[in-house]
Amino acid sequence: MVPEIGHFALVVALVFSFALMCLPLLGAQVNNQMLMATGRSLSAGFFVFVTVSFACLVYAFVADDFSVSYVAGHSNTLLPVYYKVSAVWGGHEGSLLLWVMMLAGWTLAIALLSGALPRDLQARVLAVMGFISVGFLLFILLTSNPFDRLLPMAPQEGGDLNPLLQDIGLILHPPILYMGYVGFSATFAFAIAALLTGRLDSAWARWCRPWANLAWGFLTVGIALGSWWAYYELGWGGWWFWDPVENASFLPWLVGTALIHSLAVTEKRGAFKSWTLLLAIFTFSLCLLGTFLVRSGVLTSVHAFANDPERGVFILMFLLVVVGGSLTLYALRAPVVKNHPGFSWLSRETLLLGNNILLMVIMATVLVGTLYPLIADALGWGKVSVGPPYFNMFFIPLMGVLCLLMALGPSSNWKKTNPMQLVKVLWRPWVISMVIGLLFPIFYAEGYSWLAALSVFVGSWIFTSLAADMLHRMRNAKNWREGLRKLSLSYHGMIVAHAGIGVTLIGVCLNSIYADLRDVGMHPGVAVQAGNYEFTMDSVYTVQGPNYIAEEALVVVTKDGEFLREMRPQKRRYLAGGKVMTQVALAPGLLRDLYLAMGEPLDDEGAWAMRVHLKPFVRWIWLGALMMAIGAAMAVADKRYRKRKTSKAQGPSSGTNQA
Amino acid sequence: MHPVRRQRLFFILFIVFFSSVAVGLMAFALRDNINLFYPPSMIVAGEVPLDRRIRAGGCVRPGSVSRDRETLETTFLLTDGIVDFRVHYTGILPDLFAEGEAAVVNGELRADGGFYATQVLAKHDEKYMPPEVAETMAAVSDGHDESCEVVQYGS
């Protein structure tokens, strides 16, 4: 009964979202206040019914209703209850429902928080959200209904959730990633609404910016969580594989990063208007493309889970409608949106334009590398895959240039910057980071690494230039506390997020350069040396988990001859499906991680093949991502976005100091 | 020329120049870094370039997996049910690698006829079959069969 209610609620939600797509838009076209006002209540109705539907699916999982085919395929009575709940989005159907749930949440949030928006703009934004909802709800109801029954032969026991997904990382990763994806549907809706109304001023950019920053922050955390999950859960010893599924989430991040910077120019200077619109359209299109790539199974991916190509066709059609429709609208209406203010060759506008171009080029290289296998297959050039060297070849140098330039942005002025001013503020950071970079490899490890020197230099250049810029801005303050308070919250957010890029950059580079990765045969009592650490396997024994049996190795770690800790990696066999999975043992640390993963038994005397990895600075990768997200959140919280009524006369007067 | 127009012209030239450089570099990089997939029949027939990074796949022939205790050097046979070739790999195999199951390998074919893999990929999910392997198996069995389960391993 409950699944039927869920199914029915989903159909009602479709009706609501269809009405949401049509009525407010119609109202805005004919200037009917009542029709425009329906947007808010329709959003609420849409949200309520999707929530009911989602709750029904959660109930079906918790109550072990295996007559529902999706539950039977992704759950099991032995599963702990928190994994039963997270199993709701462990498969295709449920993760789509989660997507729609998020979409409903964002739609409602826009409806509630956009009271200060002109009526017709708000109505159109909500209508575009309704359009996206219709697309996804139709997709769920027509091709992937999570409430389909297995009747009359309902199984007694479920097929179990993929053990890889039975993990805290997977409880968190999809919802947060989807918050990011779906969040960019909000900026997309704002962009389409701006094209429809033909009104695109700095007030528009100011409404749009918090949503873009928020979505970007979620996406950042989502990607970082995915990478963290791959790191400790897959047991392959890596944290990024340039896998199509990873790229799918990274593409919108790259364009989204360009978008939040371009929006800054649009808000502060009224320039880059049509470019901003285009970026908003691109970002959301890439979110849809990501969903298509992940869900359709057209790509051979090390991540690929069971898929159904016919579903891919639906998303592809939807993608074509969204991209085609919005680009057509853009072509027709963008000329209306006038650009006027000019700027000199050295100005913050130019630097942000450079940022945008670099990010777009990086995105293009990643996109080509991701789609090339598809294109080659379609054109009959054979089945190919594109390896990580291709991605690294572009990504690393381009990102390096981007990071070098990044330091100049905050210290430069809008419109025109005197080169001498930049030199005056930034020569000290340049020298200091040069020294730090050159000295670091000498003290850190034997054997001088120029690459390490370069990456530490770029990282410190980011930190020191940010610090110098802050000091420069506070030069007239009486004391540093007052100076800090005078800087706006969004400026602090920018500092934190940019520093986060530096932290991630150092983590990525030093991890790749200094990692000590070895796959060895470990025999009981025989020590294996890695760096300063010695790993001795004591014994291997069997342990019983709630829904698995594991072989666990007890490994004693010593550093420079002194006992450090014990580590216990596991090889688990799950009872429900008989799947085997590696459970990594980690000794995390700010400067290095120790990483142990069991391979397979080598003989009857307890010897095992084992991954023994030393991973310096690996935590910095995710720490940096977290800082970026915190920075984004700080920018969202800036009080100038919370002014209820913002008249155009006030304009962008809230200070030239803000990024 | 009007200064705004001139500025715009410079930007356009700048973008055109850099994007064409980028496209050129991309094409160049792709040529060196794409791994073409070959089925076992082509590898055995010698229709495959030697000492170049390629991809291959098939079903792991049961009983063919052997592993060195110290060096972790593993060898196994990949088959399409008719012909097979030997794969050499040093390191730890993925969890779902198993005899009689599909696997995809990245590496180089050497003159001795052995495939020296740098990476072994096994399916990630029970229901999942690497598309390339599925196609290979379908071609061999005239489209009847796309899985490793029904392969006659014979002898």
# chains A, B, ... in the order shown; residues from 1 in each chain; ligands from 1
>>> select_by_dssp(residues="range 25-138 of chain B", states="strand (DSSP E)", output="compact mmCIF listing (two decimals) with C-alpha atoms, in the first residue's frame")
# COMPACT_ATOMS: atom_id res chain seq x y z
CA ILE B 34 44.33 6.71 -26.55
CA ASN B 35 44.27 3.01 -25.87
CA LEU B 36 42.56 1.05 -28.61
CA PHE B 37 40.68 -2.08 -27.61
CA TYR B 38 41.54 -5.40 -29.30
CA ARG B 53 49.70 0.92 -24.99
CA ILE B 54 46.51 -0.91 -25.89
CA ARG B 55 43.51 -2.44 -24.19
CA ALA B 56 42.39 -6.02 -24.39
CA GLY B 57 39.75 -8.08 -22.71
CA GLY B 58 38.07 -11.42 -22.44
CA CYS B 59 37.19 -14.07 -19.92
CA VAL B 60 39.76 -15.37 -17.48
CA SER B 66 49.33 -18.44 -11.30
CA ARG B 67 51.08 -16.11 -8.93
CA GLU B 73 53.94 -11.46 -10.59
CA THR B 74 50.73 -12.97 -11.87
CA THR B 75 49.96 -14.59 -15.17
CA PHE B 76 46.62 -15.72 -16.51
CA LEU B 77 44.97 -16.50 -19.82
CA LEU B 78 42.26 -14.32 -21.34
CA THR B 79 40.01 -16.10 -23.79
CA ASP B 84 43.49 -17.22 -25.72
CA PHE B 85 46.56 -15.19 -24.84
CA ARG B 86 48.72 -14.88 -21.76
CA VAL B 87 48.67 -11.77 -19.58
CA HIS B 88 51.53 -10.84 -17.24
CA TYR B 89 50.81 -8.47 -14.40
CA THR B 90 52.68 -7.47 -11.30
CA ALA B 102 35.37 -10.96 -17.56
CA ALA B 103 38.42 -8.74 -17.26
CA VAL B 104 39.87 -5.83 -19.21
CA VAL B 105 43.61 -5.18 -19.23
CA ASN B 106 45.65 -2.11 -20.17
CA GLY B 107 49.22 -2.62 -21.26
CA GLU B 108 51.51 -3.61 -24.11
CA LEU B 109 51.82 -6.66 -26.30
CA PHE B 115 50.52 -9.12 -22.90
CA TYR B 116 52.24 -7.08 -20.18
CA ALA B 117 49.51 -5.35 -18.28
CA THR B 118 49.95 -2.24 -16.17
CA GLN B 119 46.34 -2.27 -15.07
CA VAL B 120 43.72 -4.98 -14.68
CA LEU B 121 40.08 -3.95 -14.48
CA ALA B 122 37.39 -6.33 -13.37
>>> residues_around(residues="range 3-20 of chain B", least_positions_apart="4", cutoff="12 Å", atoms="only C-alpha atoms", output="PyMOL selection string")
(chain A and resi 272+339-345+350+353-354+356-358+360-362+364-365) or (chain B and resi 24-27)
>>> write_last_selection(atoms="C-alpha atoms", output="tab-separated table (two decimals), in the first residue's frame")
chain	number	residue	atom	x	y	z
A	272	PHE	CA	30.45	40.09	-19.21
A	339	ASN	CA	27.51	45.39	-22.67
A	340	HIS	CA	29.03	48.81	-22.34
A	341	PRO	CA	31.73	49.47	-19.80
A	342	GLY	CA	35.24	49.13	-21.15
A	343	PHE	CA	38.33	48.23	-19.19
A	344	SER	CA	42.03	48.44	-19.71
A	345	TRP	CA	44.37	45.55	-20.47
A	350	THR	CA	41.01	41.18	-17.62
A	353	LEU	CA	38.50	37.01	-18.10
A	354	GLY	CA	41.81	35.13	-18.09
A	356	ASN	CA	37.36	32.23	-17.33
A	357	ILE	CA	39.26	31.43	-20.50
A	358	LEU	CA	41.69	29.12	-18.71
A	360	MET	CA	36.97	26.90	-20.17
A	361	VAL	CA	40.05	25.53	-21.93
A	362	ILE	CA	40.63	23.09	-19.07
A	364	ALA	CA	37.23	21.61	-22.99
A	365	THR	CA	40.26	19.32	-22.68
B	24	GLY	CA	46.17	21.33	-31.83
B	25	LEU	CA	47.77	20.26	-28.59
B	26	MET	CA	44.71	18.22	-27.69
B	27	ALA	CA	44.76	16.34	-30.98
>>> atom_distance(atom1="CA of Gly437 in chain A", atom2="CA of Leu590 in chain A")
19.3 Å
>>> atom_distance(atom1="CA of Val11 in chain A", atom2="CA of Arg149 in chain A")
16.5 Å
>>> interface_residues(of="chain A", to="chain B", cutoff="8 Å", atoms="only C-alpha atoms", output="ChimeraX atom specification")
/A:162,236,300,302-307,342,357,361,365,369,382-387,389-390,393,519-521,579-582,599-600,602-603,609-611
>>> select_by_dssp(residues="range 479-527 of chain A", states="alpha helix (DSSP H)", output="compact mmCIF listing (two decimals) with N, CA and C atoms, in the first residue's frame")
# COMPACT_ATOMS: atom_id res chain seq x y z
N TRP A 480 44.82 45.69 13.84
CA TRP A 480 44.46 44.64 12.88
C TRP A 480 43.06 44.11 13.11
N ARG A 481 42.60 44.17 14.39
CA ARG A 481 41.26 43.62 14.64
C ARG A 481 40.19 44.47 13.94
N GLU A 482 40.38 45.79 14.07
CA GLU A 482 39.43 46.67 13.41
C GLU A 482 39.54 46.51 11.89
N GLY A 483 40.76 46.34 11.43
CA GLY A 483 40.96 46.16 9.99
C GLY A 483 40.25 44.95 9.47
N LEU A 484 40.37 43.84 10.22
CA LEU A 484 39.73 42.60 9.79
C LEU A 484 38.22 42.77 9.73
N ARG A 485 37.69 43.50 10.74
CA ARG A 485 36.24 43.64 10.80
C ARG A 485 35.73 44.51 9.66
N LYS A 486 36.54 45.43 9.22
CA LYS A 486 36.09 46.33 8.16
C LYS A 486 35.96 45.62 6.81
N LEU A 489 32.46 40.21 4.68
CA LEU A 489 32.46 38.76 4.85
C LEU A 489 32.77 38.05 3.54
N SER A 490 32.28 38.61 2.44
CA SER A 490 32.54 37.94 1.17
C SER A 490 34.01 38.05 0.79
N TYR A 491 34.67 39.12 1.23
CA TYR A 491 36.12 39.20 1.00
C TYR A 491 36.83 38.10 1.78
N HIS A 492 36.44 37.93 3.06
CA HIS A 492 37.04 36.85 3.85
C HIS A 492 36.77 35.50 3.20
N GLY A 493 35.54 35.33 2.69
CA GLY A 493 35.20 34.08 2.02
C GLY A 493 36.11 33.83 0.83
N MET A 494 36.35 34.89 0.06
CA MET A 494 37.24 34.77 -1.10
C MET A 494 38.63 34.33 -0.64
N ILE A 495 39.12 34.95 0.44
CA ILE A 495 40.46 34.61 0.95
C ILE A 495 40.50 33.12 1.32
N VAL A 496 39.49 32.67 2.07
CA VAL A 496 39.48 31.28 2.52
C VAL A 496 39.42 30.33 1.33
N ALA A 497 38.55 30.64 0.36
CA ALA A 497 38.40 29.74 -0.78
C ALA A 497 39.68 29.69 -1.62
N HIS A 498 40.28 30.86 -1.85
CA HIS A 498 41.52 30.87 -2.63
C HIS A 498 42.64 30.14 -1.90
N ALA A 499 42.71 30.34 -0.60
CA ALA A 499 43.72 29.61 0.18
C ALA A 499 43.45 28.11 0.07
N GLY A 500 42.16 27.75 0.02
CA GLY A 500 41.81 26.35 -0.14
C GLY A 500 42.37 25.77 -1.42
N ILE A 501 42.33 26.56 -2.50
CA ILE A 501 42.93 26.11 -3.77
C ILE A 501 44.41 25.82 -3.55
N GLY A 502 45.08 26.73 -2.83
CA GLY A 502 46.51 26.54 -2.55
C GLY A 502 46.76 25.27 -1.76
N VAL A 503 45.92 25.03 -0.76
CA VAL A 503 46.09 23.83 0.08
C VAL A 503 45.90 22.58 -0.77
N THR A 504 44.85 22.55 -1.57
CA THR A 504 44.62 21.40 -2.44
C THR A 504 45.77 21.20 -3.41
N LEU A 505 46.22 22.31 -3.98
CA LEU A 505 47.32 22.22 -4.95
C LEU A 505 48.56 21.60 -4.32
N ILE A 506 48.92 22.07 -3.14
CA ILE A 506 50.10 21.50 -2.47
C ILE A 506 49.87 20.03 -2.17
N GLY A 507 48.65 19.70 -1.69
CA GLY A 507 48.34 18.31 -1.39
C GLY A 507 48.48 17.42 -2.61
N VAL A 508 47.88 17.86 -3.71
CA VAL A 508 47.91 17.05 -4.93
C VAL A 508 49.35 16.85 -5.40
N CYS A 509 50.10 17.94 -5.48
CA CYS A 509 51.45 17.85 -6.06
C CYS A 509 52.37 17.05 -5.16
N LEU A 510 52.42 17.40 -3.88
CA LEU A 510 53.37 16.70 -3.01
C LEU A 510 52.98 15.23 -2.87
N ASN A 511 51.67 14.95 -2.88
CA ASN A 511 51.25 13.56 -2.82
C ASN A 511 51.73 12.78 -4.05
N SER A 512 51.61 13.41 -5.23
CA SER A 512 52.04 12.69 -6.43
C SER A 512 53.55 12.54 -6.47
N ILE A 513 54.27 13.52 -5.94
CA ILE A 513 55.73 13.48 -6.06
C ILE A 513 56.34 12.55 -5.02
N TYR A 514 55.88 12.65 -3.77
CA TYR A 514 56.59 11.95 -2.69
C TYR A 514 55.92 10.64 -2.25
>>> atom_distance(atom1="CA of Trp620 in chain A", atom2="CA of Leu408 in chain A")
23.4 Å
>>> residues_around(residues="Gly578 in chain A", least_positions_apart="4", cutoff="9 Å", atoms="only C-alpha atoms", output="PDB file with C-alpha atoms, in the first residue's frame")
ATOM      1  CA  TYR A 548      29.961 -10.139   6.465  1.00  0.00           C
ATOM      2  CA  ARG A 573      33.039 -11.453   2.141  1.00  0.00           C
ATOM      3  CA  TYR A 574      29.460 -10.260   2.298  1.00  0.00           C
TER       4      TYR A 574
END
>>> residues_around(residues="Ser539 in chain A", least_positions_apart="2", cutoff="9 Å", atoms="only C-alpha atoms", output="ChimeraX atom specification")
/A:524-525,537,541,552-555,606
